[in-house]
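Okay, so here's the structure we're looking at.
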Amino acid sequence: MKNRILRNNASTPLHTGRGMGVGLLLSCLLLTSCGLYNKYERPEVSADGIVRDPYSLTDTLAVKDTTSFGNMPWRSVFTDPQLQTLIQQGLDNNPDLLNAALNVHMVNEALKIAKLAFLPSVAVSPQGTLSSFDGAPATKAYSLPISASWNVDLFGNLLSVKRSAQMQLIATKDYQTVVKTNIISGIANLYYTLLMLDRQVEIVTDMEQLTKETWEKMQFMHENRVGYRSTAVQSAEAAYYQVQTQKVDLLRQTREVENSLSLLLGQPGQTIQRGTFAGQSLPTNLATGVGIQMLNNRADVHSYEMSLAQCFYDVETARSRFYPNITITGTAAFTNQNGLVNPGKWLLSAVGSLVQPIFQHGQIVAGLKVAKDKYEQAFNNWQNAIYKAGNEVSNALVSYNAYAEKSELDAKRVAVLKQNVEDTKKLMESSSNTTYLEVISAQSNLLNAEINEVTDQFNKMQAVVNLYQALGGGAK
């Protein structure tokens with residue numbers, strides 16, 4: 001892997017001995033052979049079978065779809081108008097996203113500095129003196145020098161630094177996209193959580209009324225009919241209070257979720273305007289594409305690759321330090337040469353210097369080795385990010401299919417238990433063979449089934465949100 005990825009292995013400094021011209025010639029030859037001006041090219045990376053198919057016997061996702069779910073923009077995925085308003089508010093006001101934008105601005109300024117390194121540096125330092133010896137008339141000396149220094153990037157040092165900064169800028173923009181995707185997904189998940197809690201409160205409120213009616217009927221039969229003990233009334237009353245307790249807990253959770261969502265929106269905790277659980281419509285066509293192309297929108301995966309590219313150029317920078325540093329300095333000064341020439345004249349000079357590293361305690365060699373090791377680490381991180389992204393897509397797909405299947409079964413179960421509640425109520429009123437425990441148990445089973453049905457429907461919604469996030473947040 002290392003020989004394939006880091007094929008430029010020149011690390012031997014130039015030797016002096018036959019003159020500067022020979023040294024420069026050897027430098028140029030080594031430059032062309034070692035390729036210090038190489039550009040980053042994506043190395044081979046394993047991406048086969050990174051997503052498991054929840055149904056295919058081959059266990060590998062084999063869907064081909066050019067207009068996949070992964071390319072849908074967020075407004076096409078989350079169509080609830082109130083949710084869209086909340087997402088846009090979060091994108092405008094979330095402090096994490098605002099800070100990510102500032103990070104991009106700072107890295108962009110650093111890139112400008114790297115680009116400006118190619119230009120000469122210019123300095124102006126005017127000087128003037130007055131001097132007198134033993135009371136003699138004062139001598140006036142002045143100089144108005146302007147100097148310019150230019151570092152000749154013959155061996156690619158400045159170029160690789162600039163390219164590394166460019167990769168860092170792209171990686172920082174990727175991070176900004178990751179934050180944006182996380183905010184959209186987080187707002188959607190919390191919004192659907194609120195809708196789920198609202199629906200569960202409705203179910204519990206209906207059950208609260210039903211258990212109260214059961215309690216009152218049992219109390220009436222205890223007072224007017226032989227065979228109904230006070231324990232039946234007490235159990236029905238306790239069941240009524242238990243449902244009320246469940247409702248209080250749901251209302252508490254609603255308030256906490258509203259506070260969490262408000263924080264994502266960049267505002268104090270407050271009531272969130274929202275739609276209904278039953279009124280939601282999410283995409284059901286979840287074709288995702290094939291292989292690494294499926295992850296083209298994953299900004300975090302792309303960020304890891306840009307970090308790899310940055311390390312590639314850091315290796316180039318470390319390698320360029322074995323070669324001479326050439327600097328050309330020019331100076332122009334309007335001066336009277338300490339009072340010897342009046343008026344002043346222009347004095348022009350130019351100097352070229354070459355600094356060749358010969359022995360620096362192994363620092364250059366060690367720096368190149370460290371840069372190569374960091375490149376290998378960046379490659380490993382990129383590979384792992386691809387596997388992780390594939391796992392997230394796999395989990396979202398299997399969750400969606402599992403909860404979709406469970407929701408269908410839940411609906412059948414709820415229908416049966418609703419009929420069971422009605423039948424036990426009628427039997428309780430017409431026959432002494434049905435005990436109060438059967439009625440309370442039927443109502444409790446129905447409540448749990450309805451709560452589970454809503455929860456599974458919510459989990460299916462959440463799987464869609466997670467898949468949207470796992471695929472990188474759709475088209476930008």
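For the structure tokens, the naming scheme is as follows: chains receive sequential letters (A, B, ...) according to their order of presentation, residues are indexed from 1 within each chain, and ligands are indexed from 1 in presentation order.
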
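Look at Glu422 (chain A): the protein and nucleic acid residues within 12 Å of it, using only C-alpha atoms and passing over chain neighbours fewer than 4 places away, are A:Leu210, A:Thr214, A:Ala415, A:Val416, A:Leu417, A:Lys418, A:Lys426, A:Leu427, A:Met428, A:Glu429, A:Glu438, A:Val439, A:Ile440, A:Ala442, A:Gln443, A:Leu446.
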
Restrict the selected residues to N, CA, C and O atoms and save them as a compact mmCIF listing (two decimals), in the first residue's frame.
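After the write, out-v1.txt holds the following:
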```txt
# COMPACT_ATOMS: atom_id res chain seq x y z
N LEU A 210 -62.17 6.41 28.93
CA LEU A 210 -62.71 5.05 28.93
C LEU A 210 -62.54 4.40 30.30
O LEU A 210 -63.48 3.75 30.81
N THR A 214 -65.41 3.08 32.97
CA THR A 214 -65.38 1.73 33.55
C THR A 214 -65.44 1.79 35.06
O THR A 214 -66.16 1.02 35.72
N ALA A 415 -56.87 -3.32 16.10
CA ALA A 415 -58.26 -3.58 15.69
C ALA A 415 -58.86 -4.72 16.50
O ALA A 415 -60.02 -4.66 16.95
N VAL A 416 -58.07 -5.79 16.72
CA VAL A 416 -58.56 -6.92 17.51
C VAL A 416 -58.82 -6.50 18.96
O VAL A 416 -59.84 -6.86 19.56
N LEU A 417 -57.90 -5.74 19.54
CA LEU A 417 -58.04 -5.35 20.95
C LEU A 417 -59.17 -4.35 21.16
O LEU A 417 -59.80 -4.34 22.22
N LYS A 418 -59.44 -3.51 20.18
CA LYS A 418 -60.59 -2.61 20.30
C LYS A 418 -61.88 -3.42 20.37
O LYS A 418 -62.79 -3.13 21.19
N LYS A 426 -69.48 -5.41 27.19
CA LYS A 426 -70.85 -5.94 27.07
C LYS A 426 -71.06 -7.15 27.95
O LYS A 426 -72.11 -7.30 28.58
N LEU A 427 -70.06 -8.03 28.02
CA LEU A 427 -70.18 -9.22 28.87
C LEU A 427 -70.25 -8.85 30.34
O LEU A 427 -70.97 -9.48 31.12
N MET A 428 -69.49 -7.81 30.72
CA MET A 428 -69.52 -7.38 32.10
C MET A 428 -70.90 -6.86 32.48
O MET A 428 -71.40 -7.09 33.60
N GLU A 429 -71.54 -6.18 31.58
CA GLU A 429 -72.85 -5.62 31.87
C GLU A 429 -73.97 -6.67 31.84
O GLU A 429 -74.98 -6.53 32.52
N GLU A 438 -60.75 -8.83 33.65
CA GLU A 438 -60.77 -8.98 32.20
C GLU A 438 -60.98 -7.64 31.51
O GLU A 438 -60.36 -7.34 30.50
N VAL A 439 -61.86 -6.84 32.08
CA VAL A 439 -62.13 -5.53 31.49
C VAL A 439 -60.90 -4.63 31.59
O VAL A 439 -60.47 -4.01 30.62
N ILE A 440 -60.31 -4.55 32.76
CA ILE A 440 -59.14 -3.70 32.97
C ILE A 440 -57.97 -4.18 32.13
O ILE A 440 -57.23 -3.40 31.52
N ALA A 442 -58.13 -5.85 29.28
CA ALA A 442 -58.41 -5.55 27.87
C ALA A 442 -58.11 -4.10 27.56
O ALA A 442 -57.52 -3.77 26.51
N GLN A 443 -58.48 -3.19 28.45
CA GLN A 443 -58.22 -1.77 28.24
C GLN A 443 -56.72 -1.47 28.29
O GLN A 443 -56.20 -0.68 27.49
N LEU A 446 -55.11 -2.67 25.10
CA LEU A 446 -55.41 -1.78 23.99
C LEU A 446 -54.56 -0.52 24.06
O LEU A 446 -54.01 -0.07 23.04
```

Next item on the list: Based on DSSP run over this structure's backbone, return all residues of region 96-314 of chain A in helix (DSSP H, G or I), as a PyMOL selection string.
Entry: chain A and resi 96-116+157-224+230-264+291-295+299-314

Item checked: Neighbour list for Val122 (chain A) as a VMD selection string, cut-off 7 Å, only C-alpha atoms, skip fewer than 6 positions in-chain -> chain A and resid 147 to 149

Write to file, as an mmCIF file, in the first residue's frame, the residues of the selection just made, with C-alpha atoms.
```
data_model
loop_
_atom_site.group_PDB
_atom_site.id
_atom_site.type_symbol
_atom_site.label_atom_id
_atom_site.label_comp_id
_atom_site.auth_asym_id
_atom_site.auth_seq_id
_atom_site.Cartn_x
_atom_site.Cartn_y
_atom_site.Cartn_z
ATOM 1 C CA SER A 147 13.722 46.369 -0.829
ATOM 2 C CA ALA A 148 11.953 43.441 -2.443
ATOM 3 C CA SER A 149 12.596 39.761 -1.721
#
```

Cys311 (chain A) environment, 8 Å, only C-alpha atoms, sequence neighbours closer than 2 positions dropped, as an mmCIF file with all heavy atoms, in the first residue's frame:
```cif
data_model
loop_
_atom_site.group_PDB
_atom_site.id
_atom_site.type_symbol
_atom_site.label_atom_id
_atom_site.label_comp_id
_atom_site.auth_asym_id
_atom_site.auth_seq_id
_atom_site.Cartn_x
_atom_site.Cartn_y
_atom_site.Cartn_z
ATOM 1 N N SER A 164 -2.033 22.145 -0.089
ATOM 2 C CA SER A 164 -2.471 21.608 1.206
ATOM 3 C C SER A 164 -3.519 22.513 1.838
ATOM 4 O O SER A 164 -4.528 22.042 2.390
ATOM 5 C CB SER A 164 -1.266 21.453 2.142
ATOM 6 O OG SER A 164 -1.667 20.996 3.416
ATOM 7 N N SER A 307 -8.718 15.366 3.779
ATOM 8 C CA SER A 307 -7.635 15.295 4.765
ATOM 9 C C SER A 307 -6.510 14.411 4.246
ATOM 10 O O SER A 307 -5.324 14.691 4.466
ATOM 11 C CB SER A 307 -8.169 14.740 6.092
ATOM 12 O OG SER A 307 -9.120 15.618 6.660
ATOM 13 N N LEU A 308 -6.881 13.336 3.537
ATOM 14 C CA LEU A 308 -5.877 12.481 2.900
ATOM 15 C C LEU A 308 -5.091 13.268 1.853
ATOM 16 O O LEU A 308 -3.863 13.176 1.789
ATOM 17 C CB LEU A 308 -6.567 11.277 2.264
ATOM 18 C CG LEU A 308 -5.685 10.317 1.472
ATOM 19 C CD1 LEU A 308 -4.740 9.578 2.404
ATOM 20 C CD2 LEU A 308 -6.540 9.329 0.683
ATOM 21 N N ALA A 309 -5.806 14.049 1.040
ATOM 22 C CA ALA A 309 -5.137 14.862 0.021
ATOM 23 C C ALA A 309 -4.224 15.902 0.671
ATOM 24 O O ALA A 309 -3.116 16.174 0.180
ATOM 25 C CB ALA A 309 -6.178 15.550 -0.862
ATOM 26 N N TYR A 313 -0.069 16.374 0.127
ATOM 27 C CA TYR A 313 0.713 17.571 -0.175
ATOM 28 C C TYR A 313 1.673 17.919 0.961
ATOM 29 O O TYR A 313 2.716 18.545 0.728
ATOM 30 C CB TYR A 313 -0.220 18.743 -0.477
ATOM 31 C CG TYR A 313 -0.933 18.579 -1.796
ATOM 32 C CD1 TYR A 313 -2.323 18.542 -1.861
ATOM 33 C CD2 TYR A 313 -0.224 18.441 -2.980
ATOM 34 C CE1 TYR A 313 -2.984 18.367 -3.072
ATOM 35 C CE2 TYR A 313 -0.865 18.273 -4.193
ATOM 36 C CZ TYR A 313 -2.249 18.237 -4.229
ATOM 37 O OH TYR A 313 -2.890 18.053 -5.421
ATOM 38 N N ASP A 314 1.355 17.514 2.186
ATOM 39 C CA ASP A 314 2.301 17.697 3.286
ATOM 40 C C ASP A 314 3.541 16.831 3.065
ATOM 41 O O ASP A 314 4.658 17.239 3.412
ATOM 42 C CB ASP A 314 1.638 17.345 4.622
ATOM 43 C CG ASP A 314 0.606 18.374 5.047
ATOM 44 O OD1 ASP A 314 0.615 19.489 4.499
ATOM 45 O OD2 ASP A 314 -0.234 18.058 5.924
ATOM 46 N N VAL A 315 3.343 15.631 2.488
ATOM 47 C CA VAL A 315 4.488 14.791 2.127
ATOM 48 C C VAL A 315 5.331 15.491 1.065
ATOM 49 O O VAL A 315 6.568 15.511 1.127
ATOM 50 C CB VAL A 315 4.011 13.409 1.634
ATOM 51 C CG1 VAL A 315 5.190 12.607 1.074
ATOM 52 C CG2 VAL A 315 3.350 12.639 2.763
ATOM 53 N N ALA A 371 5.454 12.683 7.929
ATOM 54 C CA ALA A 371 4.440 13.084 6.948
ATOM 55 C C ALA A 371 3.865 11.869 6.232
ATOM 56 O O ALA A 371 2.653 11.786 5.985
ATOM 57 C CB ALA A 371 5.047 14.069 5.944
ATOM 58 N N LYS A 372 4.732 10.891 5.896
ATOM 59 C CA LYS A 372 4.244 9.673 5.247
ATOM 60 C C LYS A 372 3.350 8.860 6.179
ATOM 61 O O LYS A 372 2.323 8.314 5.762
ATOM 62 C CB LYS A 372 5.425 8.822 4.778
ATOM 63 C CG LYS A 372 6.191 9.400 3.590
ATOM 64 C CD LYS A 372 7.329 8.478 3.178
ATOM 65 C CE LYS A 372 8.055 9.005 1.954
ATOM 66 N NZ LYS A 372 9.159 8.108 1.516
ATOM 67 N N LYS A 374 1.530 10.002 8.617
ATOM 68 C CA LYS A 374 0.252 10.709 8.738
ATOM 69 C C LYS A 374 -0.624 10.462 7.512
ATOM 70 O O LYS A 374 -1.851 10.372 7.627
ATOM 71 C CB LYS A 374 0.495 12.209 8.935
ATOM 72 C CG LYS A 374 1.031 12.567 10.312
ATOM 73 C CD LYS A 374 1.174 14.069 10.482
ATOM 74 C CE LYS A 374 1.634 14.416 11.898
ATOM 75 N NZ LYS A 374 1.781 15.890 12.079
ATOM 76 N N TYR A 375 0.015 10.340 6.349
ATOM 77 C CA TYR A 375 -0.745 10.017 5.138
ATOM 78 C C TYR A 375 -1.395 8.645 5.275
ATOM 79 O O TYR A 375 -2.569 8.466 4.933
ATOM 80 C CB TYR A 375 0.187 10.041 3.927
ATOM 81 C CG TYR A 375 -0.502 9.688 2.624
ATOM 82 C CD1 TYR A 375 -1.042 10.678 1.819
ATOM 83 C CD2 TYR A 375 -0.623 8.364 2.220
ATOM 84 C CE1 TYR A 375 -1.691 10.357 0.634
ATOM 85 C CE2 TYR A 375 -1.269 8.034 1.036
ATOM 86 C CZ TYR A 375 -1.801 9.028 0.256
ATOM 87 O OH TYR A 375 -2.448 8.708 -0.909
ATOM 88 N N ALA A 378 -4.315 8.888 7.554
ATOM 89 C CA ALA A 378 -5.451 9.538 6.895
ATOM 90 C C ALA A 378 -6.157 8.575 5.944
ATOM 91 O O ALA A 378 -7.392 8.592 5.841
ATOM 92 C CB ALA A 378 -4.974 10.785 6.141
#
```

Next item on the list: List the neighbours of Asn395 (chain A) out to 9 Å using only C-alpha atoms; skip same-chain residues closer than 3 positions along the sequence, and give me the result as a VMD selection string.
Entry: chain A and resid 51 to 52 390 to 392 398 to 400 463 466 to 467

The selected residues should be written to file as an mmCIF file, in the first residue's frame (atoms: C-alpha atoms).
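Writing done, so here's part.cif:
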```
data_model
loop_
_atom_site.group_PDB
_atom_site.id
_atom_site.type_symbol
_atom_site.label_atom_id
_atom_site.label_comp_id
_atom_site.auth_asym_id
_atom_site.auth_seq_id
_atom_site.Cartn_x
_atom_site.Cartn_y
_atom_site.Cartn_z
ATOM 1 C CA VAL A 51 -24.399 -1.813 2.263
ATOM 2 C CA ARG A 52 -26.321 -4.945 3.222
ATOM 3 C CA GLY A 390 -22.224 1.972 4.702
ATOM 4 C CA ASN A 391 -23.233 0.598 8.104
ATOM 5 C CA GLU A 392 -25.382 3.646 8.788
ATOM 6 C CA VAL A 398 -33.311 -2.432 7.763
ATOM 7 C CA SER A 399 -34.985 -0.233 10.395
ATOM 8 C CA TYR A 400 -37.379 1.234 7.859
ATOM 9 C CA ALA A 463 -35.504 5.615 9.803
ATOM 10 C CA ASN A 466 -31.591 8.603 9.467
ATOM 11 C CA LEU A 467 -31.303 7.344 5.887
#
```

Notebook entry, point to check: Could you pull out the strand (DSSP E) residues of region 140-383 of chain A from DSSP and send them as a ChimeraX atom specification?
Noted result: /A:140-152,325-335,345-355

Same residues, N, CA, C and O atoms, output as a short mmCIF file (atom, residue, chain, number, x, y, z; two decimals), in the first residue's frame:
```cif
data_model
loop_
_atom_site.label_atom_id
_atom_site.label_comp_id
_atom_site.auth_asym_id
_atom_site.auth_seq_id
_atom_site.Cartn_x
_atom_site.Cartn_y
_atom_site.Cartn_z
N LYS A 140 24.31 66.03 7.27
CA LYS A 140 23.00 65.41 7.08
C LYS A 140 23.14 64.20 6.18
O LYS A 140 23.70 64.31 5.08
N ALA A 141 22.64 63.07 6.67
CA ALA A 141 22.65 61.84 5.87
C ALA A 141 21.24 61.29 5.80
O ALA A 141 20.51 61.28 6.79
N TYR A 142 20.86 60.86 4.62
CA TYR A 142 19.51 60.28 4.49
C TYR A 142 19.54 59.16 3.46
O TYR A 142 20.38 59.10 2.57
N SER A 143 18.58 58.28 3.66
CA SER A 143 18.45 57.14 2.74
C SER A 143 16.97 56.72 2.70
O SER A 143 16.33 56.62 3.76
N LEU A 144 16.46 56.52 1.50
CA LEU A 144 15.08 56.08 1.32
C LEU A 144 15.10 54.72 0.58
O LEU A 144 14.88 54.67 -0.63
N PRO A 145 15.42 53.64 1.31
CA PRO A 145 15.56 52.34 0.63
C PRO A 145 14.21 51.63 0.45
O PRO A 145 13.31 51.72 1.29
N ILE A 146 14.09 50.98 -0.67
CA ILE A 146 12.96 50.10 -0.96
C ILE A 146 13.54 48.74 -1.33
O ILE A 146 14.34 48.64 -2.26
N SER A 147 13.17 47.70 -0.57
CA SER A 147 13.72 46.37 -0.83
C SER A 147 12.60 45.40 -1.17
O SER A 147 11.49 45.49 -0.65
N ALA A 148 12.90 44.48 -2.04
CA ALA A 148 11.95 43.44 -2.44
C ALA A 148 12.67 42.10 -2.41
O ALA A 148 13.81 41.98 -2.88
N SER A 149 12.01 41.09 -1.83
CA SER A 149 12.60 39.76 -1.72
C SER A 149 11.62 38.75 -2.30
O SER A 149 10.41 38.77 -2.00
N TRP A 150 12.13 37.85 -3.13
CA TRP A 150 11.27 36.87 -3.79
C TRP A 150 11.86 35.49 -3.60
O TRP A 150 13.01 35.23 -3.93
N ASN A 151 11.05 34.59 -3.02
CA ASN A 151 11.47 33.21 -2.83
C ASN A 151 11.09 32.43 -4.08
O ASN A 151 9.90 32.24 -4.38
N VAL A 152 12.08 31.97 -4.84
CA VAL A 152 11.82 31.26 -6.10
C VAL A 152 11.37 29.83 -5.77
O VAL A 152 12.14 29.05 -5.18
N ASN A 325 16.88 26.31 -1.14
CA ASN A 325 15.96 27.42 -1.01
C ASN A 325 16.59 28.62 -1.71
O ASN A 325 17.63 29.13 -1.28
N ILE A 326 15.99 29.07 -2.81
CA ILE A 326 16.56 30.14 -3.64
C ILE A 326 15.78 31.43 -3.38
O ILE A 326 14.56 31.45 -3.51
N THR A 327 16.52 32.49 -3.04
CA THR A 327 15.90 33.77 -2.75
C THR A 327 16.61 34.87 -3.55
O THR A 327 17.85 34.92 -3.59
N ILE A 328 15.85 35.71 -4.20
CA ILE A 328 16.38 36.86 -4.94
C ILE A 328 15.92 38.13 -4.23
O ILE A 328 14.72 38.31 -4.01
N THR A 329 16.88 38.98 -3.88
CA THR A 329 16.57 40.21 -3.16
C THR A 329 17.09 41.40 -3.95
O THR A 329 18.25 41.41 -4.39
N GLY A 330 16.23 42.38 -4.15
CA GLY A 330 16.62 43.61 -4.84
C GLY A 330 16.39 44.82 -3.96
O GLY A 330 15.41 44.85 -3.20
N THR A 331 17.30 45.79 -4.03
CA THR A 331 17.20 46.99 -3.20
C THR A 331 17.43 48.22 -4.07
O THR A 331 18.36 48.26 -4.89
N ALA A 332 16.59 49.22 -3.89
CA ALA A 332 16.76 50.53 -4.54
C ALA A 332 16.68 51.59 -3.46
O ALA A 332 15.72 51.61 -2.68
N ALA A 333 17.69 52.47 -3.39
CA ALA A 333 17.72 53.49 -2.34
C ALA A 333 18.12 54.83 -2.92
O ALA A 333 19.10 54.93 -3.67
N PHE A 334 17.37 55.84 -2.56
CA PHE A 334 17.75 57.22 -2.90
C PHE A 334 18.50 57.77 -1.70
O PHE A 334 17.91 57.99 -0.64
N THR A 335 19.85 58.00 -1.84
CA THR A 335 20.67 58.32 -0.68
C THR A 335 21.77 59.30 -1.06
O THR A 335 22.17 59.39 -2.22
N LYS A 345 21.57 60.38 -4.90
CA LYS A 345 21.48 59.59 -6.12
C LYS A 345 20.82 58.23 -5.82
O LYS A 345 20.71 57.82 -4.67
N TRP A 346 20.40 57.57 -6.89
CA TRP A 346 19.83 56.23 -6.74
C TRP A 346 20.93 55.19 -6.66
O TRP A 346 21.86 55.17 -7.46
N LEU A 347 20.83 54.31 -5.67
CA LEU A 347 21.76 53.21 -5.50
C LEU A 347 20.97 51.90 -5.66
O LEU A 347 20.01 51.64 -4.93
N LEU A 348 21.35 51.12 -6.65
CA LEU A 348 20.62 49.89 -6.97
C LEU A 348 21.50 48.69 -6.70
O LEU A 348 22.71 48.70 -6.97
N SER A 349 20.88 47.61 -6.17
CA SER A 349 21.62 46.37 -5.93
C SER A 349 20.67 45.19 -6.01
O SER A 349 19.48 45.31 -5.77
N ALA A 350 21.22 44.04 -6.37
CA ALA A 350 20.45 42.79 -6.43
C ALA A 350 21.33 41.66 -5.95
O ALA A 350 22.53 41.59 -6.29
N VAL A 351 20.77 40.78 -5.15
CA VAL A 351 21.51 39.67 -4.56
C VAL A 351 20.69 38.39 -4.72
O VAL A 351 19.48 38.38 -4.48
N GLY A 352 21.34 37.33 -5.15
CA GLY A 352 20.71 36.02 -5.21
C GLY A 352 21.39 35.09 -4.23
O GLY A 352 22.62 35.05 -4.15
N SER A 353 20.61 34.35 -3.46
CA SER A 353 21.19 33.44 -2.47
C SER A 353 20.55 32.06 -2.60
O SER A 353 19.38 31.93 -2.96
N LEU A 354 21.36 31.06 -2.32
CA LEU A 354 20.88 29.68 -2.36
C LEU A 354 21.31 29.00 -1.07
O LEU A 354 22.50 29.00 -0.73
N VAL A 355 20.37 28.44 -0.36
CA VAL A 355 20.66 27.74 0.88
C VAL A 355 20.33 26.26 0.67
O VAL A 355 19.19 25.91 0.39
#
```

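You can rank A:Leu97, A:Leu86, A:Ala136, A:Met306 by their closest distance to Asn182 (chain A) using only C-alpha atoms, and at the top of that list sits A:Leu97.
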
Next item on the list: List the neighbours of region 251-267 of chain A out to 10 Å using only C-alpha atoms; skip same-chain residues closer than 2 positions along the sequence, and give me the result as number ranges by chain.
Entry: A: 86-96, 183-184, 186-191, 193-198, 200-201, 246-249, 269-273

Next item on the list: For Ala165 (chain A), please output as a count of residues only all residues within 12 Å (counting only C-alpha atoms; exclusion window: fewer than 6 positions along the same chain).
Entry: 24
